[in-house]
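A.B. asks: So that you have it, the file is coords-v4.json, and it contains JSON, C-alpha atoms and all ligand atoms:
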```json
[["chain", "number", "residue", "atom", "x", "y", "z"],
["O", 1, "MET", "CA", -26.48, 83.20, -23.97],
["O", 2, "SER", "CA", -24.48, 83.30, -20.75],
["O", 3, "ASN", "CA", -20.73, 83.07, -20.86],
["O", 4, "LEU", "CA", -20.92, 79.67, -19.23],
["O", 5, "SER", "CA", -22.51, 78.03, -22.26],
["O", 6, "ARG", "CA", -21.28, 80.14, -25.17],
["O", 7, "ALA", "CA", -18.42, 77.71, -25.92],
["O", 8, "ASP", "CA", -20.97, 75.06, -26.85],
["O", 9, "ALA", "CA", -21.50, 77.03, -30.08],
["O", 10, "PHE", "CA", -17.96, 78.16, -30.92],
["O", 11, "PRO", "CA", -17.43, 77.38, -34.64],
["O", 12, "LEU", "CA", -13.87, 76.03, -34.49],
["O", 13, "ARG", "CA", -13.64, 72.28, -33.80],
["O", 14, "ARG", "CA", -10.58, 71.04, -31.93],
["O", 15, "ARG", "CA", -9.81, 67.95, -33.98],
["O", 16, "ALA", "CA", -9.82, 69.94, -37.23],
["O", 17, "VAL", "CA", -7.68, 72.68, -35.69],
["O", 18, "ALA", "CA", -5.10, 70.13, -34.54],
["O", 19, "LYS", "CA", -5.02, 68.52, -37.97],
["O", 20, "GLN", "CA", -4.59, 71.88, -39.70],
["O", 21, "ILE", "CA", -1.66, 72.77, -37.44],
["O", 22, "LEU", "CA", -0.02, 69.35, -37.77],
["O", 23, "ASP", "CA", -0.41, 69.24, -41.55],
["O", 24, "ALA", "CA", 0.84, 72.79, -42.03],
["O", 25, "GLY", "CA", 3.70, 72.42, -39.57],
["O", 26, "GLY", "CA", 5.81, 70.20, -41.76],
["O", 27, "ASP", "CA", 8.32, 67.54, -40.82],
["O", 28, "ASP", "CA", 10.59, 69.74, -38.72],
["O", 29, "LEU", "CA", 8.05, 71.08, -36.27],
["O", 30, "LEU", "CA", 8.47, 69.82, -32.70],
["O", 31, "ILE", "CA", 5.20, 69.62, -30.77],
["O", 32, "ILE", "CA", 4.43, 69.30, -27.07],
["O", 33, "THR", "CA", 0.81, 68.58, -26.22],
["O", 34, "GLY", "CA", -0.79, 69.09, -22.84],
["O", 35, "LEU", "CA", -2.47, 66.51, -20.68],
["O", 36, "GLY", "CA", -6.06, 65.90, -21.60],
["O", 37, "SER", "CA", -7.72, 66.72, -24.82],
["O", 38, "THR", "CA", -4.89, 68.24, -26.85],
["O", 39, "ASN", "CA", -3.09, 64.91, -26.48],
["O", 40, "TRP", "CA", -6.07, 63.13, -27.99],
["O", 41, "ASP", "CA", -6.48, 65.79, -30.72],
["O", 42, "PHE", "CA", -2.93, 65.52, -32.03],
["O", 43, "THR", "CA", -2.91, 61.74, -31.72],
["O", 44, "ALA", "CA", -6.08, 61.66, -33.80],
["O", 45, "ALA", "CA", -4.47, 64.03, -36.31],
["O", 46, "GLY", "CA", -1.48, 61.71, -36.66],
["O", 47, "ASP", "CA", 0.57, 60.36, -33.77],
["O", 48, "CYS", "CA", 4.25, 60.66, -34.63],
["O", 49, "GLU", "CA", 7.66, 60.77, -32.99],
["O", 50, "ARG", "CA", 7.95, 64.58, -33.22],
["O", 51, "ILE", "CA", 5.01, 64.96, -30.84],
["O", 52, "PHE", "CA", 5.65, 64.61, -27.13],
["O", 53, "PRO", "CA", 2.32, 64.17, -25.36],
["O", 54, "LEU", "CA", 2.46, 65.15, -21.71],
["O", 55, "TRP", "CA", 0.40, 62.62, -19.81],
["O", 56, "GLY", "CA", 0.53, 64.39, -16.46],
["O", 57, "ALA", "CA", 2.18, 67.33, -14.72],
["O", 58, "MET", "CA", -0.71, 69.73, -15.26],
["O", 59, "GLY", "CA", 0.80, 73.16, -15.88],
["O", 60, "GLY", "CA", 3.99, 71.69, -17.27],
["O", 61, "ALA", "CA", 3.47, 71.83, -21.02],
["O", 62, "ILE", "CA", 4.57, 75.44, -21.56],
["O", 63, "PRO", "CA", 7.65, 75.13, -19.30],
["O", 64, "MET", "CA", 8.64, 71.93, -21.12],
["O", 65, "ALA", "CA", 8.26, 73.60, -24.51],
["O", 66, "LEU", "CA", 10.22, 76.60, -23.27],
["O", 67, "GLY", "CA", 13.12, 74.38, -22.26],
["O", 68, "LEU", "CA", 12.99, 72.56, -25.58],
["O", 69, "ALA", "CA", 12.92, 75.78, -27.57],
["O", 70, "MET", "CA", 15.91, 77.13, -25.64],
["O", 71, "ALA", "CA", 17.85, 73.88, -26.06],
["O", 72, "GLN", "CA", 17.03, 73.66, -29.78],
["O", 73, "PRO", "CA", 17.12, 77.22, -31.06],
["O", 74, "GLU", "CA", 17.31, 76.10, -34.70],
["O", 75, "LYS", "CA", 14.04, 74.14, -34.43],
["O", 76, "ARG", "CA", 10.52, 75.46, -34.36],
["O", 77, "VAL", "CA", 8.65, 74.39, -31.21],
["O", 78, "LEU", "CA", 4.88, 74.55, -30.80],
["O", 79, "VAL", "CA", 3.05, 73.70, -27.61],
["O", 80, "ALA", "CA", -0.67, 73.00, -27.86],
["O", 81, "THR", "CA", -2.48, 72.79, -24.57],
["O", 82, "GLY", "CA", -5.72, 73.56, -22.80],
["O", 83, "ASP", "CA", -6.95, 76.68, -21.06],
["O", 84, "ALA", "CA", -7.03, 75.01, -17.64],
["O", 85, "GLU", "CA", -3.55, 73.60, -18.12],
["O", 86, "THR", "CA", -2.32, 77.07, -19.10],
["O", 87, "LEU", "CA", -4.05, 78.69, -16.12],
["O", 88, "MET", "CA", -2.50, 76.16, -13.75],
["O", 89, "GLY", "CA", 1.01, 77.02, -15.00],
["O", 90, "VAL", "CA", 0.27, 80.65, -15.79],
["O", 91, "GLY", "CA", 3.52, 81.93, -14.27],
["O", 92, "SER", "CA", 5.35, 80.17, -17.07],
["O", 93, "LEU", "CA", 4.12, 82.88, -19.47],
["O", 94, "ALA", "CA", 6.18, 85.44, -17.55],
["O", 95, "THR", "CA", 9.20, 83.16, -17.81],
["O", 96, "VAL", "CA", 8.64, 82.74, -21.54],
["O", 97, "ALA", "CA", 8.62, 86.53, -21.83],
["O", 98, "VAL", "CA", 11.88, 86.80, -19.90],
["O", 99, "GLN", "CA", 13.65, 84.14, -21.97],
["O", 100, "ALA", "CA", 11.88, 85.17, -25.19],
["O", 101, "PRO", "CA", 12.92, 82.32, -27.51],
["O", 102, "ASP", "CA", 11.91, 83.39, -31.01],
["O", 103, "ASN", "CA", 11.29, 79.76, -32.06],
["O", 104, "LEU", "CA", 8.47, 79.11, -29.57],
["O", 105, "ALA", "CA", 4.75, 79.27, -30.32],
["O", 106, "ILE", "CA", 2.07, 78.60, -27.72],
["O", 107, "ALA", "CA", -1.37, 77.54, -28.95],
["O", 108, "VAL", "CA", -4.02, 77.40, -26.26],
["O", 109, "PHE", "CA", -7.03, 75.29, -27.19],
["O", 110, "ASP", "CA", -9.56, 77.25, -25.17],
["O", 111, "ASN", "CA", -12.86, 75.40, -24.78],
["O", 112, "GLU", "CA", -13.52, 77.26, -21.51],
["O", 113, "ARG", "CA", -13.80, 73.87, -19.82],
["O", 114, "TYR", "CA", -11.89, 71.29, -17.83],
["O", 115, "GLY", "CA", -12.58, 68.82, -20.64],
["O", 116, "GLU", "CA", -11.14, 65.63, -19.32],
["O", 117, "THR", "CA", -12.66, 65.87, -15.88],
["O", 118, "GLY", "CA", -16.25, 66.51, -16.87],
["O", 119, "MET", "CA", -16.48, 69.83, -18.72],
["O", 120, "GLN", "CA", -16.64, 72.08, -15.68],
["O", 121, "ALA", "CA", -16.28, 75.77, -16.59],
["O", 122, "THR", "CA", -12.81, 77.26, -16.27],
["O", 123, "ALA", "CA", -12.00, 80.88, -15.50],
["O", 124, "THR", "CA", -11.94, 81.69, -19.22],
["O", 125, "ALA", "CA", -15.69, 81.04, -19.27],
["O", 126, "HIS", "CA", -15.96, 83.82, -16.71],
["O", 127, "LYS", "CA", -13.53, 86.75, -16.86],
["O", 128, "ALA", "CA", -10.02, 85.48, -17.62],
["O", 129, "ASP", "CA", -8.53, 86.46, -20.98],
["O", 130, "LEU", "CA", -5.42, 84.39, -21.64],
["O", 131, "ALA", "CA", -4.18, 86.57, -24.51],
["O", 132, "ALA", "CA", -4.39, 89.61, -22.25],
["O", 133, "ILE", "CA", -2.61, 87.68, -19.49],
["O", 134, "ALA", "CA", 0.12, 86.76, -21.99],
["O", 135, "ARG", "CA", 0.53, 90.40, -23.05],
["O", 136, "GLY", "CA", 0.58, 91.47, -19.43],
["O", 137, "SER", "CA", 3.25, 88.85, -18.79],
["O", 138, "GLY", "CA", 5.39, 90.47, -21.46],
["O", 139, "ILE", "CA", 4.57, 88.50, -24.60],
["O", 140, "PRO", "CA", 3.43, 91.13, -27.11],
["O", 141, "VAL", "CA", 2.52, 88.67, -29.86],
["O", 142, "ALA", "CA", -0.66, 87.36, -28.25],
["O", 143, "ALA", "CA", -4.10, 87.17, -29.80],
["O", 144, "THR", "CA", -7.38, 85.29, -29.65],
["O", 145, "VAL", "CA", -8.88, 83.64, -32.72],
["O", 146, "THR", "CA", -12.53, 82.68, -32.89],
["O", 147, "ASP", "CA", -13.26, 81.52, -36.44],
["O", 148, "GLN", "CA", -11.66, 79.83, -39.45],
["O", 149, "ALA", "CA", -10.53, 83.04, -41.15],
["O", 150, "GLU", "CA", -8.78, 84.21, -38.00],
["O", 151, "LEU", "CA", -7.22, 80.79, -37.52],
["O", 152, "ASP", "CA", -5.92, 80.79, -41.09],
["O", 153, "ALA", "CA", -4.44, 84.24, -40.54],
["O", 154, "ALA", "CA", -2.78, 83.04, -37.33],
["O", 155, "MET", "CA", -1.07, 80.02, -38.88],
["O", 156, "PRO", "CA", 2.13, 81.94, -39.83],
["O", 157, "VAL", "CA", 2.25, 83.35, -36.31],
["O", 158, "MET", "CA", 2.24, 79.81, -34.93],
["O", 159, "LEU", "CA", 4.48, 78.18, -37.52],
["O", 160, "THR", "CA", 6.94, 80.61, -39.07],
["O", 161, "GLN", "CA", 7.03, 84.14, -37.69],
["O", 162, "PRO", "CA", 9.43, 85.05, -34.87],
["O", 163, "GLY", "CA", 8.01, 84.42, -31.43],
["O", 164, "PRO", "CA", 7.47, 83.83, -28.70],
["O", 165, "SER", "CA", 3.76, 84.00, -29.43],
["O", 166, "VAL", "CA", 0.54, 83.02, -27.73],
["O", 167, "THR", "CA", -2.47, 82.17, -29.88],
["O", 168, "VAL", "CA", -5.63, 81.50, -27.91],
["O", 169, "ILE", "CA", -7.94, 79.45, -30.11],
["O", 170, "LYS", "CA", -11.54, 79.49, -28.97],
["O", 171, "ILE", "CA", -12.79, 75.99, -29.77],
["O", 172, "ARG", "CA", -16.14, 74.36, -29.27],
["O", 173, "ALA", "CA", -16.72, 72.69, -25.92],
["O", 174, "GLU", "CA", -17.47, 69.18, -27.09],
["O", 175, "PRO", "CA", -16.81, 65.79, -25.55],
["O", 176, "LEU", "CA", -15.08, 63.56, -28.11],
["O", 177, "PRO", "CA", -13.89, 59.96, -28.06],
["O", 178, "PHE", "CA", -10.44, 59.59, -26.57],
["O", 179, "VAL", "CA", -7.68, 58.77, -29.06],
["O", 180, "LEU", "CA", -4.79, 57.83, -26.81],
["O", 181, "PRO", "CA", -1.10, 58.19, -27.67],
["O", 182, "PRO", "CA", 1.40, 55.65, -26.38],
["O", 183, "LYS", "CA", 1.45, 55.76, -22.60],
["O", 184, "ASP", "CA", 4.97, 54.58, -21.80],
["O", 185, "GLY", "CA", 6.89, 57.71, -20.80],
["O", 186, "ALA", "CA", 10.32, 56.19, -21.45],
["O", 187, "TYR", "CA", 9.23, 55.13, -24.93],
["O", 188, "LEU", "CA", 7.80, 58.58, -25.68],
["O", 189, "LYS", "CA", 10.97, 60.27, -24.47],
["O", 190, "ASP", "CA", 13.22, 57.96, -26.48],
["O", 191, "ARG", "CA", 11.27, 58.20, -29.71],
["O", 192, "PHE", "CA", 11.24, 62.00, -29.45],
["O", 193, "ARG", "CA", 14.97, 62.17, -28.73],
["O", 194, "VAL", "CA", 15.79, 59.83, -31.62],
["O", 195, "ALA", "CA", 13.63, 61.90, -33.98],
["O", 196, "LEU", "CA", 15.48, 65.01, -32.86],
["O", 197, "LEU", "CA", 19.03, 63.79, -32.28],
["O", 198, "GLY", "CA", 19.30, 60.48, -34.11],
["O", 199, "SER", "CA", 20.37, 57.26, -32.44],
["O", 200, "ALA", "CA", 22.83, 59.22, -30.28],
["O", 201, "GLY", "CA", 19.80, 60.60, -28.49],
["O", 202, "ILE", "CA", 19.32, 57.46, -26.43],
["O", 203, "VAL", "CA", 22.87, 56.32, -25.60],
["T", 1, "LIG", "C1", -2.39, 68.92, -10.68],
["T", 1, "LIG", "C2", -3.56, 68.32, -11.38],
["T", 1, "LIG", "N1", -4.80, 68.71, -11.09],
["T", 1, "LIG", "C3", -5.85, 68.17, -11.73],
["T", 1, "LIG", "C4", -5.67, 67.20, -12.68],
["T", 1, "LIG", "C5", -6.85, 66.55, -13.36],
["T", 1, "LIG", "N2", -7.02, 67.03, -14.71],
["T", 1, "LIG", "C6", -6.55, 66.33, -15.77],
["T", 1, "LIG", "S1", -6.92, 67.05, -17.23],
["T", 1, "LIG", "C7", -7.73, 68.29, -16.45],
["T", 1, "LIG", "C8", -8.44, 69.39, -17.21],
["T", 1, "LIG", "C9", -7.71, 69.86, -18.39],
["T", 1, "LIG", "O1", -8.41, 70.95, -18.92],
["T", 1, "LIG", "P1", -7.79, 71.82, -20.08],
["T", 1, "LIG", "O2", -6.34, 72.02, -19.86],
["T", 1, "LIG", "O3", -8.61, 73.04, -20.26],
["T", 1, "LIG", "O4", -7.90, 70.85, -21.33],
["T", 1, "LIG", "P2", -9.20, 70.33, -22.13],
["T", 1, "LIG", "O5", -9.20, 68.85, -21.90],
["T", 1, "LIG", "O6", -10.41, 71.03, -21.64],
["T", 1, "LIG", "O7", -8.88, 70.69, -23.55],
["T", 1, "LIG", "C10", -7.70, 68.15, -15.08],
["T", 1, "LIG", "C11", -8.34, 69.07, -14.10],
["T", 1, "LIG", "C12", -4.35, 66.82, -12.96],
["T", 1, "LIG", "N3", -4.09, 65.89, -13.90],
["T", 1, "LIG", "N4", -3.31, 67.37, -12.30]]
```
Take the structure in this file and express it as structure tokens.
Ligand SMILES: Cc1ncc(C[n+]2csc(CCOP(=O)(O)OP(=O)(O)O)c2C)c(N)n1

C.D. replies:
Amino acid sequence: MSNLSRADAFPLRRRAVAKQILDAGGDDLLIITGLGSTNWDFTAAGDCERIFPLWGAMGGAIPMALGLAMAQPEKRVLVATGDAETLMGVGSLATVAVQAPDNLAIAVFDNERYGETGMQATATAHKADLAAIARGSGIPVAATVTDQAELDAAMPVMLTQPGPSVTVIKIRAEPLPFVLPPKDGAYLKDRFRVALLGSAGIV
């Protein structure tokens, strides 16, 4: 099987992975999801006010989560985003390493595809290794998981252990029905701020 089609048979399924993370994360976990499929995955798992789905700004999910983690050092922050989104903002991994917030976990849902735009192969279907890029950027806690046992073992890395961490989760390349979160950016911002700060968050 060539690299370009191997993701069609990866055992981990993105919707189940998102649900496992959301369910295990508990009520205090703050989540940023990247544009495209991770938005739909976490909305399908259970849209809630502690999730901020990024509708645009490709490459912006990790920088946004970094800022949130630095602003809220007592809260655990997880960003779940795609391989193409991560590659587009790849310099942000070096900035994460410089700032090194221990409350930040990065989960890359790596289907080796540009899912939303028609499943074209990304660089991770060829030679790019995002965990190696993360380590080379200065984030030592960086690993790739490929099956359920490895995902289970990585859950504490994503949810409780000191970070920053990068967990690259190889998930099946599969087109799924869109499950859209609310689209109004002001509403999404306000509901997230109220969940985090109370009513003072939107004065
Ligand atoms: C700057 C920019 N370029 C291109 C796009 C179009 N676009 C939206 S989602 C997407 C692919 C996302 O792929 P990935 O991050 O791997 O997520 P997946 O849906 O495959 O999980 C692209 C190219 C965009 N929104 N912004």

A.B. asks: Kindly assemble as a Markdown table a list of the chain O residues that lie within 7 Å of ligand LIG 1 (chain T), each paired with its nearest atom pair and their distance in Å to one decimal, using only C-alpha atoms and all ligand atoms, sorted first by chain and then by ascending residue number.

C.D. replies:
```
| residue | atom | partner | partner_atom | distance |
| --- | --- | --- | --- | --- |
| O:Gly34 | CA | T:LIG1 | O2 | 6.9 |
| O:Leu35 | CA | T:LIG1 | S1 | 5.7 |
| O:Gly36 | CA | T:LIG1 | O5 | 4.3 |
| O:Ser37 | CA | T:LIG1 | O5 | 3.9 |
| O:Thr38 | CA | T:LIG1 | O7 | 5.7 |
| O:Gly56 | CA | T:LIG1 | N3 | 5.5 |
| O:Ala57 | CA | T:LIG1 | N4 | 6.0 |
| O:Met58 | CA | T:LIG1 | N4 | 4.6 |
| O:Thr81 | CA | T:LIG1 | O2 | 6.1 |
| O:Gly82 | CA | T:LIG1 | O2 | 3.4 |
| O:Asp83 | CA | T:LIG1 | O3 | 4.1 |
| O:Ala84 | CA | T:LIG1 | O3 | 3.6 |
| O:Glu85 | CA | T:LIG1 | O2 | 3.6 |
| O:Thr86 | CA | T:LIG1 | O2 | 6.5 |
| O:Phe109 | CA | T:LIG1 | O7 | 6.2 |
| O:Asp110 | CA | T:LIG1 | O3 | 6.5 |
| O:Asn111 | CA | T:LIG1 | O6 | 5.9 |
| O:Glu112 | CA | T:LIG1 | O3 | 6.6 |
| O:Arg113 | CA | T:LIG1 | O6 | 4.8 |
| O:Tyr114 | CA | T:LIG1 | O1 | 3.7 |
| O:Gly115 | CA | T:LIG1 | O6 | 3.3 |
| O:Glu116 | CA | T:LIG1 | O5 | 4.6 |
| O:Thr117 | CA | T:LIG1 | C10 | 5.5 |
| O:Met119 | CA | T:LIG1 | O6 | 6.8 |
```

A.B. asks: Restrict the selected residues to C-alpha atoms and save them as a PDB file, in the coordinates of the input.

C.D. replies:
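Wrote selection-v7.pdb, looks like this:
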```pdb
ATOM      1  CA  GLY O  34      -0.790  69.090 -22.840  1.00  0.00           C
ATOM      2  CA  LEU O  35      -2.470  66.510 -20.680  1.00  0.00           C
ATOM      3  CA  GLY O  36      -6.060  65.900 -21.600  1.00  0.00           C
ATOM      4  CA  SER O  37      -7.720  66.720 -24.820  1.00  0.00           C
ATOM      5  CA  THR O  38      -4.890  68.240 -26.850  1.00  0.00           C
ATOM      6  CA  GLY O  56       0.530  64.390 -16.460  1.00  0.00           C
ATOM      7  CA  ALA O  57       2.180  67.330 -14.720  1.00  0.00           C
ATOM      8  CA  MET O  58      -0.710  69.730 -15.260  1.00  0.00           C
ATOM      9  CA  THR O  81      -2.480  72.790 -24.570  1.00  0.00           C
ATOM     10  CA  GLY O  82      -5.720  73.560 -22.800  1.00  0.00           C
ATOM     11  CA  ASP O  83      -6.950  76.680 -21.060  1.00  0.00           C
ATOM     12  CA  ALA O  84      -7.030  75.010 -17.640  1.00  0.00           C
ATOM     13  CA  GLU O  85      -3.550  73.600 -18.120  1.00  0.00           C
ATOM     14  CA  THR O  86      -2.320  77.070 -19.100  1.00  0.00           C
ATOM     15  CA  PHE O 109      -7.030  75.290 -27.190  1.00  0.00           C
ATOM     16  CA  ASP O 110      -9.560  77.250 -25.170  1.00  0.00           C
ATOM     17  CA  ASN O 111     -12.860  75.400 -24.780  1.00  0.00           C
ATOM     18  CA  GLU O 112     -13.520  77.260 -21.510  1.00  0.00           C
ATOM     19  CA  ARG O 113     -13.800  73.870 -19.820  1.00  0.00           C
ATOM     20  CA  TYR O 114     -11.890  71.290 -17.830  1.00  0.00           C
ATOM     21  CA  GLY O 115     -12.580  68.820 -20.640  1.00  0.00           C
ATOM     22  CA  GLU O 116     -11.140  65.630 -19.320  1.00  0.00           C
ATOM     23  CA  THR O 117     -12.660  65.870 -15.880  1.00  0.00           C
ATOM     24  CA  MET O 119     -16.480  69.830 -18.720  1.00  0.00           C
TER      25      MET O 119
END
```

A.B. asks: Just checking: using all atoms listed in the file, which residue out of O:Ala97, O:Val108, O:Pro162, O:Arg193 ends up closest to O:Asp129?

C.D. replies: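 Closest to O:Asp129 of all the choices is O:Val108.
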
A.B. asks: Near O:Gln161, counting all atoms listed in the file, which residues have an atom at most 10 Å away, once you skip same-chain residues fewer than 6 positions from it, shown as a PyMOL selection string?

C.D. replies: chain O and resi 76+102-105+154-155

A.B. asks: O:Asp8: which residues within 9 Å, counting only C-alpha atoms, same-chain residues fewer than 2 positions away excluded, as a ChimeraX atom specification?

C.D. replies: /O:4-6,10-11,111,171-174

A.B. asks: Using only C-alpha atoms, which of O:Leu87, O:Met64, O:Val157, O:Ala143 sits nearest O:Thr122?

C.D. replies: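 Of all the options, O:Leu87 lies closest to O:Thr122.
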
A.B. asks: Which is closer to O:Ala16 than all the others in O:Gly46, O:Gly138, O:Gly185, O:Pro53, using all atoms listed in the file?

C.D. replies: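 With all atoms listed in the file as the atom set, the closest residue is O:Gly46.
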
A.B. asks: Counting all atoms listed in the file, which residue out of O:Leu130, O:Leu180, O:Leu29, O:Met158 sits closest to O:Trp55?

C.D. replies: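 Under the stated criterion, the closest residue is O:Leu180.
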
A.B. asks: Just the number, please: distance in Å from atom CA of O:Pro175 to atom CA of O:Val79, one decimal.

C.D. replies: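 Separating atom CA of O:Pro175 from atom CA of O:Val79 is a distance of 21.5 Å.
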
A.B. asks: Here is a test: counting only C-alpha atoms, which residue of O:Val77, O:Ile133, O:Val141, O:Ala71 is nearest to O:Asp28?

C.D. replies: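 Checking each candidate against O:Asp28, we get O:Val77 as the closest.
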
A.B. asks: May I ask which of the residues O:Leu159, O:Leu54, O:Ala94, O:Ala134 is the closest one to O:Ile21, counting all atoms listed in the file?

C.D. replies: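 Going through O:Leu159, O:Leu54, O:Ala94, O:Ala134 one by one, the smallest distance to O:Ile21 is for O:Leu159.
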
A.B. asks: One decimal, Å: what's the distance from atom CA of O:Gly91 over to atom CA of O:Gly59, could you say?

C.D. replies: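 Taking atom CA of O:Gly91 as the start and atom CA of O:Gly59 as the end point, the length is 9.3 Å.
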
A.B. asks: Would you mind reading off the distance between atom CA of O:Ala123 and atom CA of O:Arg13, one decimal, in Å?

C.D. replies: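 Between these atoms lies a distance of 20.3 Å.
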
A.B. asks: Counting only C-alpha atoms, I want the residues whose atoms come within 9 Å of (7.5, 76.2, -20.3) in the file frame, returned as a VMD selection string.

C.D. replies: chain O and resid 59 to 68 79 89 92 to 93 95 to 96

A.B. asks: Next, the residues of the selection above should be written as a PDB file, in the frame of the given file with C-alpha atoms.

C.D. replies:
```pdb
ATOM      1  CA  GLY O  59       0.800  73.160 -15.880  1.00  0.00           C
ATOM      2  CA  GLY O  60       3.990  71.690 -17.270  1.00  0.00           C
ATOM      3  CA  ALA O  61       3.470  71.830 -21.020  1.00  0.00           C
ATOM      4  CA  ILE O  62       4.570  75.440 -21.560  1.00  0.00           C
ATOM      5  CA  PRO O  63       7.650  75.130 -19.300  1.00  0.00           C
ATOM      6  CA  MET O  64       8.640  71.930 -21.120  1.00  0.00           C
ATOM      7  CA  ALA O  65       8.260  73.600 -24.510  1.00  0.00           C
ATOM      8  CA  LEU O  66      10.220  76.600 -23.270  1.00  0.00           C
ATOM      9  CA  GLY O  67      13.120  74.380 -22.260  1.00  0.00           C
ATOM     10  CA  LEU O  68      12.990  72.560 -25.580  1.00  0.00           C
ATOM     11  CA  VAL O  79       3.050  73.700 -27.610  1.00  0.00           C
ATOM     12  CA  GLY O  89       1.010  77.020 -15.000  1.00  0.00           C
ATOM     13  CA  SER O  92       5.350  80.170 -17.070  1.00  0.00           C
ATOM     14  CA  LEU O  93       4.120  82.880 -19.470  1.00  0.00           C
ATOM     15  CA  THR O  95       9.200  83.160 -17.810  1.00  0.00           C
ATOM     16  CA  VAL O  96       8.640  82.740 -21.540  1.00  0.00           C
TER      17      VAL O  96
END
```

A.B. asks: Let me know the centre plus edge lengths, in Å and rounded to one decimal, of a box with edges along x, y and z that contains all listed atoms of stretch 155-161 of chain O and is padded by 8 Å on every side, as AutoDock Vina command-line options.

C.D. replies:
```
--center_x 3.0 --center_y 81.2 --center_z -37.4 --size_x 24.1 --size_y 22.0 --size_z 20.9
```

A.B. asks: As a list in words, please: the residues near O:Leu151 (cut-off 9 Å, all atoms listed in the file, same-chain neighbours under 4 positions excluded).

C.D. replies: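 That gives Leu12, Val17, Val145, Thr146, Asp147, Met155 and Ile169 of chain O.
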